[in-house]
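Structure data follow from protein16.pdb (PDB, C-alpha atoms):
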ATOM      1  CA  MET A 489     121.274  60.707  84.873
ATOM      2  CA  VAL A 490     122.887  63.083  82.374
ATOM      3  CA  GLY A 491     125.811  60.683  82.085
ATOM      4  CA  LEU A 492     123.421  57.867  81.246
ATOM      5  CA  VAL A 493     121.563  59.986  78.690
ATOM      6  CA  ARG A 494     124.828  61.001  77.032
ATOM      7  CA  ASP A 495     125.912  57.354  76.752
ATOM      8  CA  ILE A 496     122.566  56.182  75.389
ATOM      9  CA  PHE A 497     122.448  58.793  72.629
ATOM     10  CA  GLN A 498     126.212  58.833  71.970
ATOM     11  CA  VAL A 499     126.429  62.640  71.954
ATOM     12  CA  ASP A 500     129.167  64.978  73.137
ATOM     13  CA  GLN A 501     127.171  66.620  75.913
ATOM     14  CA  ALA A 502     124.020  66.192  77.978
ATOM     15  CA  ALA A 503     122.760  68.678  80.542
ATOM     16  CA  VAL A 504     119.982  69.609  82.931
ATOM     17  CA  ASN A 505     119.465  73.351  82.672
ATOM     18  CA  LEU A 506     117.290  75.625  84.777
ATOM     19  CA  ILE A 507     116.314  79.042  83.450
ATOM     20  CA  ASP A 508     115.373  82.198  85.339
ATOM     21  CA  ARG A 509     114.396  85.620  84.047
ATOM     22  CA  ASN A 510     117.831  86.446  82.652
ATOM     23  CA  ARG A 511     120.141  83.419  82.758
ATOM     24  CA  LEU A 512     120.502  79.719  82.125
ATOM     25  CA  TRP A 513     122.111  77.681  84.893
ATOM     26  CA  MET A 514     123.621  74.305  84.005
ATOM     27  CA  MET A 515     122.711  72.288  87.115
ATOM     28  CA  ALA A 516     124.137  68.957  85.926
ATOM     29  CA  ALA A 517     126.292  68.153  82.917
ATOM     30  CA  ALA A 518     128.120  65.284  81.228
ATOM     31  CA  GLY A 519     130.793  66.078  78.673
ATOM     32  CA  ALA A 520     131.268  69.689  79.768
ATOM     33  CA  PRO A 521     131.874  71.618  82.990
ATOM     34  CA  ARG A 522     128.853  73.178  84.659
ATOM     35  CA  ALA A 523     128.397  76.765  83.542
ATOM     36  CA  GLU A 524     125.881  79.546  83.027
ATOM     37  CA  CYS A 525     125.047  81.900  80.186
ATOM     38  CA  ARG A 526     122.663  84.635  79.165
ATOM     39  CA  ARG A 527     119.157  83.359  78.624
ATOM     40  CA  ASP A 528     119.036  84.973  75.189
ATOM     41  CA  ASP A 529     122.070  82.909  74.088
ATOM     42  CA  ALA A 530     120.666  79.598  75.327
ATOM     43  CA  PHE A 531     119.237  76.985  72.981
ATOM     44  CA  CYS A 532     116.991  75.833  75.835
ATOM     45  CA  ASN A 533     115.370  79.272  75.922
ATOM     46  CA  HIS A 534     113.501  78.137  72.809
ATOM     47  CA  THR A 535     112.733  74.700  74.250
ATOM     48  CA  ILE A 536     110.883  76.013  77.314
ATOM     49  CA  ARG A 537     108.558  78.104  75.141
ATOM     50  CA  SER A 538     106.860  74.911  73.966
ATOM     51  CA  THR A 539     105.414  71.736  75.408
ATOM     52  CA  SER A 540     107.098  69.617  72.735
ATOM     53  CA  PRO A 541     110.700  68.486  72.177
ATOM     54  CA  LEU A 542     112.902  70.726  70.070
ATOM     55  CA  ALA A 543     115.211  68.955  67.590
ATOM     56  CA  ILE A 544     117.820  70.803  65.537
ATOM     57  CA  PRO A 545     119.765  68.408  63.281
ATOM     58  CA  ASN A 546     122.074  71.143  61.942
ATOM     59  CA  MET A 547     122.189  74.522  63.644
ATOM     60  CA  LEU A 548     124.039  76.125  60.735
ATOM     61  CA  GLU A 549     120.882  75.586  58.684
ATOM     62  CA  ASP A 550     118.550  77.112  61.261
ATOM     63  CA  ASP A 551     118.080  80.889  61.243
ATOM     64  CA  ARG A 552     117.462  80.935  65.011
ATOM     65  CA  PHE A 553     120.802  79.381  65.916
ATOM     66  CA  ARG A 554     123.352  79.783  63.115
ATOM     67  CA  ASP A 555     124.776  82.997  64.639
ATOM     68  CA  SER A 556     124.824  81.730  68.232
ATOM     69  CA  PRO A 557     128.174  82.097  70.019
ATOM     70  CA  PHE A 558     127.936  78.382  70.847
ATOM     71  CA  VAL A 559     127.657  77.543  67.157
ATOM     72  CA  ARG A 560     130.164  80.013  65.717
ATOM     73  CA  GLY A 561     132.507  79.928  68.718
ATOM     74  CA  ASP A 562     134.868  77.371  70.199
ATOM     75  CA  ALA A 563     132.017  75.138  71.459
ATOM     76  CA  HIS A 564     131.252  74.350  67.773
ATOM     77  CA  MET A 565     127.797  72.936  68.481
ATOM     78  CA  ARG A 566     125.864  71.621  65.516
ATOM     79  CA  ALA A 567     123.027  69.373  66.729
ATOM     80  CA  TYR A 568     120.568  69.797  69.610
ATOM     81  CA  LEU A 569     117.663  67.918  71.133
ATOM     82  CA  GLY A 570     115.902  69.379  74.147
ATOM     83  CA  VAL A 571     112.716  68.705  76.084
ATOM     84  CA  PRO A 572     111.173  71.041  78.655
ATOM     85  CA  LEU A 573     111.248  70.277  82.363
ATOM     86  CA  THR A 574     107.648  70.886  83.377
ATOM     87  CA  SER A 575     106.708  71.285  87.040
ATOM     88  CA  PRO A 576     103.572  69.562  88.416
ATOM     89  CA  GLU A 577     101.920  72.995  88.297
ATOM     90  CA  GLY A 578     102.510  73.165  84.548
ATOM     91  CA  TYR A 579     105.429  75.606  84.432
ATOM     92  CA  ASN A 580     108.451  75.002  82.199
ATOM     93  CA  VAL A 581     111.428  75.721  84.464
ATOM     94  CA  GLY A 582     114.251  74.423  82.299
ATOM     95  CA  ALA A 583     115.226  71.681  79.900
ATOM     96  CA  LEU A 584     117.010  68.352  79.557
ATOM     97  CA  CYS A 585     119.111  68.584  76.427
ATOM     98  CA  LEU A 586     121.594  66.791  74.172
ATOM     99  CA  LEU A 587     124.341  68.615  72.256
ATOM    100  CA  HIS A 588     126.658  67.310  69.563
ATOM    101  CA  THR A 589     129.512  68.892  67.624
ATOM    102  CA  ALA A 590     128.515  67.285  64.310
ATOM    103  CA  PRO A 591     125.167  67.424  62.504
ATOM    104  CA  ARG A 592     122.905  64.474  63.241
ATOM    105  CA  PRO A 593     119.197  63.748  62.926
ATOM    106  CA  PHE A 594     117.018  62.945  65.922
ATOM    107  CA  THR A 595     114.062  60.596  65.524
ATOM    108  CA  THR A 596     110.647  60.684  67.143
ATOM    109  CA  THR A 597     111.768  57.726  69.252
ATOM    110  CA  ASP A 598     114.788  59.713  70.434
ATOM    111  CA  ALA A 599     112.490  62.537  71.518
ATOM    112  CA  ASP A 600     110.130  60.146  73.305
ATOM    113  CA  ILE A 601     112.990  58.570  75.248
ATOM    114  CA  LEU A 602     114.310  61.981  76.276
ATOM    115  CA  VAL A 603     110.815  63.012  77.409
ATOM    116  CA  ARG A 604     110.730  60.009  79.747
ATOM    117  CA  PHE A 605     114.096  60.983  81.178
ATOM    118  CA  SER A 606     112.852  64.551  81.666
ATOM    119  CA  GLU A 607     109.984  63.192  83.760
ATOM    120  CA  LEU A 608     112.508  61.397  85.961
ATOM    121  CA  VAL A 609     114.510  64.626  86.324
ATOM    122  CA  VAL A 610     111.416  66.540  87.419
ATOM    123  CA  SER A 611     110.579  63.778  89.882
ATOM    124  CA  GLN A 612     114.066  64.029  91.386
ATOM    125  CA  LEU A 613     113.791  67.821  91.587
ATOM    126  CA  GLU A 614     110.466  67.494  93.375
ATOM    127  CA  MET A 615     111.904  65.006  95.865
ATOM    128  CA  ARG A 616     114.826  67.316  96.567
ATOM    129  CA  LEU A 617     112.459  70.262  97.018
ATOM    130  CA  ILE A 618     110.326  68.270  99.459
ATOM    131  CA  ALA A 619     113.442  67.330 101.437
ATOM    132  CA  GLN A 620     114.498  70.980 101.636
ATOM    133  CA  GLN A 621     111.142  72.619 102.325
ATOM    134  CA  ASP A 622     109.425  72.668 105.695
ATOM    135  CA  GLU A 623     105.947  71.214 105.152
ATOM    136  CA  LEU A 624     104.094  73.653 107.394
ATOM    137  CA  THR A 625     105.775  76.996 106.755
ATOM    138  CA  GLY A 626     107.259  76.560 103.288
ATOM    139  CA  THR A 627     110.666  77.728 104.533
ATOM    140  CA  LEU A 628     113.879  75.737 104.308
ATOM    141  CA  THR A 629     114.130  72.745 106.606
ATOM    142  CA  ARG A 630     116.719  72.827 109.388
ATOM    143  CA  ARG A 631     118.986  70.513 107.418
ATOM    144  CA  ALA A 632     118.751  72.608 104.258
ATOM    145  CA  PHE A 633     119.309  75.829 106.187
ATOM    146  CA  LEU A 634     122.409  74.464 107.911
ATOM    147  CA  GLN A 635     123.739  73.376 104.522
ATOM    148  CA  ARG A 636     123.348  76.989 103.367
ATOM    149  CA  LEU A 637     125.170  78.136 106.506
ATOM    150  CA  ASP A 638     128.019  75.718 105.824
ATOM    151  CA  GLY A 639     128.217  76.973 102.258
ATOM    152  CA  ALA A 640     128.380  80.589 103.407
ATOM    153  CA  LEU A 641     131.178  79.732 105.833
ATOM    154  CA  THR A 642     133.292  78.236 103.044
ATOM    155  CA  SER A 643     133.273  81.537 101.163
ATOM    156  CA  ARG A 644     135.111  84.716 102.096
ATOM    157  CA  GLU A 645     132.038  86.883 101.720
ATOM    158  CA  PRO A 646     130.601  88.628 104.794
ATOM    159  CA  PHE A 647     127.217  87.542 106.086
ATOM    160  CA  ALA A 648     125.129  87.537 109.227
ATOM    161  CA  LEU A 649     123.094  84.848 110.966
ATOM    162  CA  VAL A 650     119.827  85.841 112.636
ATOM    163  CA  VAL A 651     117.976  83.450 114.932
ATOM    164  CA  LEU A 652     114.332  84.407 115.509
ATOM    165  CA  ASP A 653     111.930  82.989 118.081
ATOM    166  CA  LEU A 654     108.213  83.650 118.561
ATOM    167  CA  ASP A 655     107.580  85.024 122.035
ATOM    168  CA  LEU A 656     105.271  83.094 124.383
ATOM    169  CA  PHE A 657     104.310  80.623 121.685
ATOM    170  CA  LYS A 658     103.469  77.919 124.219
ATOM    171  CA  ALA A 659     100.702  80.179 125.554
ATOM    172  CA  ILE A 660      99.215  80.358 122.059
ATOM    173  CA  ASN A 661      99.160  76.568 121.742
ATOM    174  CA  ASP A 662      97.745  76.181 125.261
ATOM    175  CA  GLY A 663      95.141  78.912 124.858
ATOM    176  CA  PHE A 664      93.963  78.367 121.301
ATOM    177  CA  GLY A 665      95.062  74.826 120.434
ATOM    178  CA  HIS A 666      97.764  73.444 118.174
ATOM    179  CA  PRO A 667      95.842  73.981 114.891
ATOM    180  CA  VAL A 668      95.760  77.720 115.618
ATOM    181  CA  GLY A 669      99.389  77.524 116.660
ATOM    182  CA  ASP A 670     100.199  76.078 113.237
ATOM    183  CA  ILE A 671      98.324  78.950 111.586
ATOM    184  CA  VAL A 672     100.337  81.438 113.643
ATOM    185  CA  LEU A 673     103.609  79.782 112.629
ATOM    186  CA  LYS A 674     102.640  79.764 108.962
ATOM    187  CA  SER A 675     101.384  83.368 109.011
ATOM    188  CA  THR A 676     104.478  84.596 110.832
ATOM    189  CA  ALA A 677     106.773  82.771 108.415
ATOM    190  CA  GLN A 678     104.976  84.452 105.505
ATOM    191  CA  MET A 679     105.379  87.878 107.137
ATOM    192  CA  ILE A 680     109.088  87.296 107.694
ATOM    193  CA  GLY A 681     109.573  85.853 104.213
ATOM    194  CA  GLY A 682     108.033  88.971 102.708
ATOM    195  CA  GLN A 683     110.807  91.048 104.277
ATOM    196  CA  VAL A 684     113.695  88.788 103.269
ATOM    197  CA  ARG A 685     115.933  90.019 100.471
ATOM    198  CA  SER A 686     116.691  88.110  97.287
ATOM    199  CA  GLY A 687     119.795  85.998  97.875
ATOM    200  CA  ASP A 688     119.158  85.518 101.602
ATOM    201  CA  ALA A 689     118.138  82.172 103.134
ATOM    202  CA  PHE A 690     115.206  81.647 105.498
ATOM    203  CA  GLY A 691     114.575  78.397 107.337
ATOM    204  CA  ARG A 692     112.783  76.812 110.266
ATOM    205  CA  LEU A 693     115.266  75.551 112.844
ATOM    206  CA  GLY A 694     112.630  73.799 114.952
ATOM    207  CA  GLY A 695     109.376  74.501 116.732
ATOM    208  CA  GLU A 696     108.826  78.253 116.760
ATOM    209  CA  GLU A 697     112.474  79.115 115.988
ATOM    210  CA  PHE A 698     113.624  80.329 112.578
ATOM    211  CA  GLY A 699     116.935  81.324 111.039
ATOM    212  CA  LEU A 700     117.993  83.913 108.488
ATOM    213  CA  LEU A 701     121.239  84.126 106.530
ATOM    214  CA  LEU A 702     121.841  87.688 105.357
ATOM    215  CA  ALA A 703     124.340  87.732 102.497
ATOM    216  CA  GLY A 704     126.865  90.569 102.487
ATOM    217  CA  ALA A 705     125.493  92.068 105.704
ATOM    218  CA  ASP A 706     127.613  93.813 108.318
ATOM    219  CA  SER A 707     126.367  94.448 111.861
ATOM    220  CA  ARG A 708     124.547  97.653 110.925
ATOM    221  CA  ASP A 709     122.773  96.089 107.930
ATOM    222  CA  ALA A 710     121.862  92.950 109.851
ATOM    223  CA  MET A 711     120.516  94.799 112.877
ATOM    224  CA  ALA A 712     118.488  97.152 110.691
ATOM    225  CA  LEU A 713     116.867  94.316 108.733
ATOM    226  CA  ALA A 714     116.283  92.194 111.843
ATOM    227  CA  ASP A 715     114.642  95.086 113.651
ATOM    228  CA  ARG A 716     112.524  95.891 110.605
ATOM    229  CA  ILE A 717     111.286  92.283 110.564
ATOM    230  CA  ARG A 718     110.546  92.441 114.289
ATOM    231  CA  ALA A 719     108.544  95.660 113.890
ATOM    232  CA  HIS A 720     106.677  94.392 110.817
ATOM    233  CA  VAL A 721     105.605  91.149 112.484
ATOM    234  CA  GLY A 722     104.665  92.912 115.708
ATOM    235  CA  ALA A 723     102.397  95.302 113.825
ATOM    236  CA  GLN A 724     100.285  92.525 112.275
ATOM    237  CA  VAL A 725      97.234  91.056 114.005
ATOM    238  CA  ILE A 726      96.715  87.299 113.607
ATOM    239  CA  ALA A 727      93.021  86.885 112.840
ATOM    240  CA  GLU A 728      92.689  83.559 114.665
ATOM    241  CA  THR A 729      94.011  84.987 117.937
ATOM    242  CA  GLY A 730      92.950  88.605 117.587
ATOM    243  CA  ARG A 731      96.399  89.838 118.575
ATOM    244  CA  PRO A 732      99.881  90.244 117.122
ATOM    245  CA  VAL A 733     102.892  88.010 117.621
ATOM    246  CA  THR A 734     106.190  89.406 118.812
ATOM    247  CA  LEU A 735     109.661  88.150 118.023
ATOM    248  CA  SER A 736     112.954  88.019 119.867
ATOM    249  CA  LEU A 737     116.033  87.995 117.636
ATOM    250  CA  GLY A 738     119.728  87.255 118.056
ATOM    251  CA  VAL A 739     122.158  88.501 115.408
ATOM    252  CA  ALA A 740     125.679  87.137 114.833
ATOM    253  CA  VAL A 741     127.966  88.653 112.186
ATOM    254  CA  ARG A 742     130.497  86.244 110.730
ATOM    255  CA  THR A 743     134.052  86.512 112.074
ATOM    256  CA  ALA A 744     137.234  84.872 110.793
ATOM    257  CA  ALA A 745     137.186  82.421 113.710
ATOM    258  CA  ASP A 746     133.604  81.254 113.188
ATOM    259  CA  ASP A 747     132.401  77.798 112.248
ATOM    260  CA  ARG A 748     128.834  76.498 112.265
ATOM    261  CA  ILE A 749     128.825  75.738 115.996
ATOM    262  CA  SER A 750     130.268  79.076 117.075
ATOM    263  CA  MET A 751     127.941  81.106 114.865
ATOM    264  CA  LEU A 752     124.857  79.287 116.079
ATOM    265  CA  ARG A 753     126.068  79.592 119.667
ATOM    266  CA  ARG A 754     126.643  83.329 119.426
ATOM    267  CA  ALA A 755     123.272  83.927 117.776
ATOM    268  CA  ASP A 756     121.549  81.740 120.376
ATOM    269  CA  LEU A 757     123.242  83.604 123.247
ATOM    270  CA  ALA A 758     122.075  86.917 121.767
ATOM    271  CA  LEU A 759     118.568  85.489 121.403
ATOM    272  CA  TYR A 760     118.630  84.360 125.038
ATOM    273  CA  GLU A 761     119.669  87.852 126.066
ATOM    274  CA  ALA A 762     116.759  89.325 124.081
ATOM    275  CA  LYS A 763     114.352  86.955 125.830
ATOM    276  CA  HIS A 764     115.869  87.634 129.242
ATOM    277  CA  ASP A 765     115.643  91.407 128.772
ATOM    278  CA  GLY A 766     111.904  91.383 128.157
ATOM    279  CA  ARG A 767     111.336  89.825 124.706
ATOM    280  CA  ASN A 768     110.279  91.648 121.526
ATOM    281  CA  ARG A 769     113.778  92.966 120.927
ATOM    282  CA  THR A 770     116.881  92.437 118.788
ATOM    283  CA  VAL A 771     120.325  91.823 120.291
ATOM    284  CA  LEU A 772     123.682  91.771 118.495
ATOM    285  CA  ALA A 773     126.041  88.988 119.546
ATOM    286  CA  ARG A 774     129.502  89.848 120.783
ATOM    287  CA  ALA A 775     132.399  88.446 118.750
ATOM    288  CA  GLY A 776     134.071  87.190 121.938
ATOM    289  CA  ASP A 777     131.151  84.842 122.586
ATOM    290  CA  ALA A 778     132.507  82.540 119.872
ATOM    291  CA  ALA A 779     135.148  81.303 122.266
ATOM    292  CA  CYS A 780     132.702  80.540 125.091
TER     293      CYS A 780
END

Give the structure from this file in C-alpha cells form.
Amino acid sequence: MVGLVRDIFQVDQAAVNLIDRNRLWMMAAAGAPRAECRRDDAFCNHTIRSTSPLAIPNMLEDDRFRDSPFVRGDAHMRAYLGVPLTSPEGYNVGALCLLHTAPRPFTTTDADILVRFSELVVSQLEMRLIAQQDELTGTLTRRAFLQRLDGALTSREPFALVVLDLDLFKAINDGFGHPVGDIVLKSTAQMIGGQVRSGDAFGRLGGEEFGLLLAGADSRDAMALADRIRAHVGAQVIAETGRPVTLSLGVAVRTAADDRISMLRRADLALYEAKHDGRNRTVLARAGDAAC
C-alpha cells in the first residue's frame, strides 16, 4: 500500500508509522528502510494531535520543523503530508505520510486521497489484530503466539516458555455450564495478563491451556514469575462459581538445541508432571527432555 501511495503522489518516501509514548516505529515504508526515532523528532507526532491532514509544503519555512534533524541532516526532507490513523474507538495511533526532498505543495484533493488510503490501512490493521487476538480471552491466538515463539528462537536472547493449564476445568463446564466456563477462562486470562511483564507474550494455545513467553528470563526468573502467577490466580474467587481456580504450570528455559517442537515438548512434559503430582504447582523442565 505504501508503494502504491508513493507511486501515485510521485514522492521520495511513503510510510505507515505507529507512535507510542516515546517513539515512532516505521511499520511499512517505500523509498526508505524501516526505522524508528524519538517521538519528539517525528513529523507524525504533530499529525496525530489533530483529526485533519497535516501538509507542509516547505519545512524550512515552518518554525516547527526547520530545525528537525530530518530537515537539516542527511535525510534532507522538505515536504510532508500526513494523515492520522484513527482506530474505531477514536484514538490516533499513528499516521500515513508522504515525504519529499524538494518543496512541493499538496492540494485538498491530495489530502482527501491520502485520507482514504489511511482508512484502508486502519482496516488492514484491524483485520490483522482480529487474526492475532483470541475472541474470548483477548490474548494472542495460538498461531500468533507460535509466531512469537519462532521469532524468539531466531534471536540469541534468553527466554523461557511457560505452559499453563486450568485444573479440573471440565468439572467447571459440567457443573456450571459452558457460559460460566467461558467467564472463568476470560477472568483467569485477565488475572494472568495483569501479572505479565511488558515485552512478554501471552496467548491461548487451546481450550483451557495458555502460553507465556518470558523475555530475558533464566530458570530462576521464570519459576518465580510462574509461581507468582499461580499464587495470584489461586487466591482469587470467581464470582460465578464461588471458588478459586488453580493452575498447573510447566516451565522450559531455552537451550541452544531447542526448536519450537522441543520447547513445547519440554514445557508440556513439565506441565504433565505438575498435573501428575497433584496439580496447582509449577515444574521446571529438564534440558535433557528436549531429546526425548

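Point (107.7, 87.1, 104.5) has the following residues at most 12 Å away: Thr625, Gly626, Thr627, Leu673, Lys674, Ser675, Thr676, Ala677, Gln678, Met679, Ile680, Gly681, Gly682, Gln683, Val684, Arg685, Ser686, Asp688, Ala689, Phe690, Gly691, Leu700, Arg716, Ile717, Arg718, His720 and Val721 of chain A (atoms considered: all atoms listed in the file).
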
*Would you list the contacts of Pro591 (chain A) as number ranges by chain, taking every protein, DNA or RNA residue within 6 Å and counting all atoms listed in the file, but skipping same-chain residues closer than 5 positions in sequence?*
A: 545-546, 566-567

Would you save the residues from that selection as a tab-separated table (two decimals), keeping the file's coordinate frame, using C-alpha atoms?
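Okay, this is what ended up in result03.tsv:
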chain	number	residue	atom	x	y	z
A	545	PRO	CA	119.76	68.41	63.28
A	546	ASN	CA	122.07	71.14	61.94
A	566	ARG	CA	125.86	71.62	65.52
A	567	ALA	CA	123.03	69.37	66.73

I'd like a table as a tab-separated table: residues in region 570-667 of chain A with an atom no more than 12 Å from region 518-523 of chain A, each row giving the shortest atom pair and its distance in Å to one decimal, all atoms listed in the file counted, sorted by chain and rising residue number.
residue	atom	partner	partner_atom	distance
A:Leu584	CA	A:Ala518	CA	11.6
A:Cys585	CA	A:Ala518	CA	10.7
A:Leu586	CA	A:Ala518	CA	9.7
A:Leu587	CA	A:Gly519	CA	9.4
A:His588	CA	A:Gly519	CA	10.1
A:Thr589	CA	A:Gly519	CA	11.5

Write the residues of the selection above to a file with C-alpha atoms, as a tab-separated table (two decimals), in the coordinates of the input.
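Saved file again_38.tsv follows:
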chain	number	residue	atom	x	y	z
A	584	LEU	CA	117.01	68.35	79.56
A	585	CYS	CA	119.11	68.58	76.43
A	586	LEU	CA	121.59	66.79	74.17
A	587	LEU	CA	124.34	68.61	72.26
A	588	HIS	CA	126.66	67.31	69.56
A	589	THR	CA	129.51	68.89	67.62

_Selection under test: the PyMOL selection byres ((chain A and resi 504-510) around 9); residues as a PyMOL selection string_ = chain A and resi 490+502-503+511-517+524-528+532-533+536+573+580-585+606+609

Edge lengths and centre, in Å to one decimal, as lines of an AutoDock Vina configuration file: that's what I need for the box along x, y and z that holds all listed atoms of region 624-628 of chain A plus 3 Å on each side.
center_x = 109.0
center_y = 75.7
center_z = 105.3
size_x = 15.8
size_y = 10.1
size_z = 10.1

*Evaluate the PyMOL selection byres ((chain A and resi 636) around 12) on the structure here and hand back the selected residues as a list in words.*
Gln620, Leu628, Thr629, Arg630, Arg631, Ala632, Phe633, Leu634, Gln635, Leu637, Asp638, Gly639, Ala640, Leu641, Thr642, Ser643, Phe647, Leu649, Gly687, Asp688, Ala689, Phe690, Gly691, Gly699, Leu700, Leu701, Leu702, Ala703 and Arg748 of chain A

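Note that the spacing between CA of Pro576 (chain A) and CA of Asp495 (chain A) amounts to 28.0 Å.
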
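The two atoms in question, CA of Val739 (chain A) and CA of Asp662 (chain A), are spaced 29.1 Å apart.
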
_Resolved residues for the PyMOL selection byres ((chain A and resi 608) around 12) as a VMD selection string_ = chain A and resid 489 to 490 493 504 573 to 575 584 601 to 607 609 to 615

Go ahead and save the picked residues with C-alpha atoms, as an mmCIF file, keeping the file's coordinate frame.
data_model
loop_
_atom_site.group_PDB
_atom_site.id
_atom_site.type_symbol
_atom_site.label_atom_id
_atom_site.label_comp_id
_atom_site.auth_asym_id
_atom_site.auth_seq_id
_atom_site.Cartn_x
_atom_site.Cartn_y
_atom_site.Cartn_z
ATOM 1 C CA MET A 489 121.274 60.707 84.873
ATOM 2 C CA VAL A 490 122.887 63.083 82.374
ATOM 3 C CA VAL A 493 121.563 59.986 78.690
ATOM 4 C CA VAL A 504 119.982 69.609 82.931
ATOM 5 C CA LEU A 573 111.248 70.277 82.363
ATOM 6 C CA THR A 574 107.648 70.886 83.377
ATOM 7 C CA SER A 575 106.708 71.285 87.040
ATOM 8 C CA LEU A 584 117.010 68.352 79.557
ATOM 9 C CA ILE A 601 112.990 58.570 75.248
ATOM 10 C CA LEU A 602 114.310 61.981 76.276
ATOM 11 C CA VAL A 603 110.815 63.012 77.409
ATOM 12 C CA ARG A 604 110.730 60.009 79.747
ATOM 13 C CA PHE A 605 114.096 60.983 81.178
ATOM 14 C CA SER A 606 112.852 64.551 81.666
ATOM 15 C CA GLU A 607 109.984 63.192 83.760
ATOM 16 C CA VAL A 609 114.510 64.626 86.324
ATOM 17 C CA VAL A 610 111.416 66.540 87.419
ATOM 18 C CA SER A 611 110.579 63.778 89.882
ATOM 19 C CA GLN A 612 114.066 64.029 91.386
ATOM 20 C CA LEU A 613 113.791 67.821 91.587
ATOM 21 C CA GLU A 614 110.466 67.494 93.375
ATOM 22 C CA MET A 615 111.904 65.006 95.865
#

*Can you pull out every residue within 9 Å of Ala710 (chain A), counting all atoms listed in the file, but drop anything in the same chain fewer than 2 positions away, and send it as number ranges by chain?*
A: 647-650, 702, 705-708, 712-715, 739-741, 772

_As an exercise, work out the distance from CA of Lys658 (chain A) to CA of Gln724 (chain A) in Å and give it to one decimal place._
19.1 Å

Quick one: residues within 9 Å of (117.3, 85.2, 125.7) (file frame), counting all atoms listed in the file, please, as a PDB file with C-alpha atoms, in the frame of the given file.
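For reference, part.pdb as written:
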ATOM      1  CA  SER A 736     112.954  88.019 119.867  1.00  0.00           C
ATOM      2  CA  LEU A 737     116.033  87.995 117.636  1.00  0.00           C
ATOM      3  CA  GLY A 738     119.728  87.255 118.056  1.00  0.00           C
ATOM      4  CA  ASP A 756     121.549  81.740 120.376  1.00  0.00           C
ATOM      5  CA  LEU A 757     123.242  83.604 123.247  1.00  0.00           C
ATOM      6  CA  ALA A 758     122.075  86.917 121.767  1.00  0.00           C
ATOM      7  CA  LEU A 759     118.568  85.489 121.403  1.00  0.00           C
ATOM      8  CA  TYR A 760     118.630  84.360 125.038  1.00  0.00           C
ATOM      9  CA  GLU A 761     119.669  87.852 126.066  1.00  0.00           C
ATOM     10  CA  ALA A 762     116.759  89.325 124.081  1.00  0.00           C
ATOM     11  CA  LYS A 763     114.352  86.955 125.830  1.00  0.00           C
ATOM     12  CA  HIS A 764     115.869  87.634 129.242  1.00  0.00           C
ATOM     13  CA  ASP A 765     115.643  91.407 128.772  1.00  0.00           C
ATOM     14  CA  GLY A 766     111.904  91.383 128.157  1.00  0.00           C
ATOM     15  CA  ARG A 767     111.336  89.825 124.706  1.00  0.00           C
TER      16      ARG A 767
END

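If you measure from each of A:Leu617, A:Leu656, A:Val672, A:Pro557 to Val725 (chain A) using only C-alpha atoms, the closest one turns out to be A:Val672.
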
*asked:* Ranking A:Ala619, A:Leu492, A:Ala599, A:Val668 by minimum distance to Ile544 (chain A) and counting only C-alpha atoms, which one comes first?
replied: A:Ala599

Would you mind putting N, CA and C atoms back on region 509-520 of chain A and writing the result as a short mmCIF file (atom, residue, chain, number, x, y, z; two decimals), in the frame of the given file?
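Result went into selection34.cif, see below:
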data_model
loop_
_atom_site.label_atom_id
_atom_site.label_comp_id
_atom_site.auth_asym_id
_atom_site.auth_seq_id
_atom_site.Cartn_x
_atom_site.Cartn_y
_atom_site.Cartn_z
N ARG A 509 114.80 84.52 84.90
CA ARG A 509 114.40 85.62 84.05
C ARG A 509 115.49 86.01 83.04
N ASN A 510 116.75 85.92 83.48
CA ASN A 510 117.83 86.45 82.65
C ASN A 510 118.91 85.44 82.25
N ARG A 511 119.00 84.30 82.98
CA ARG A 511 120.14 83.42 82.76
C ARG A 511 119.73 81.95 82.70
N LEU A 512 120.60 81.17 82.08
CA LEU A 512 120.50 79.72 82.12
C LEU A 512 121.58 79.22 83.07
N TRP A 513 121.19 78.28 83.92
CA TRP A 513 122.11 77.68 84.89
C TRP A 513 122.21 76.19 84.59
N MET A 514 123.40 75.72 84.27
CA MET A 514 123.62 74.31 84.00
C MET A 514 123.77 73.60 85.35
N MET A 515 122.73 72.89 85.79
CA MET A 515 122.71 72.29 87.12
C MET A 515 123.40 70.92 87.16
N ALA A 516 123.42 70.24 86.03
CA ALA A 516 124.14 68.96 85.93
C ALA A 516 124.58 68.81 84.49
N ALA A 517 125.78 68.27 84.28
CA ALA A 517 126.29 68.15 82.92
C ALA A 517 127.19 66.94 82.78
N ALA A 518 127.18 66.35 81.60
CA ALA A 518 128.12 65.28 81.23
C ALA A 518 128.75 65.69 79.91
N GLY A 519 130.09 65.69 79.88
CA GLY A 519 130.79 66.08 78.67
C GLY A 519 131.23 67.52 78.63
N ALA A 520 130.88 68.28 79.68
CA ALA A 520 131.27 69.69 79.77
C ALA A 520 131.20 70.12 81.22
#
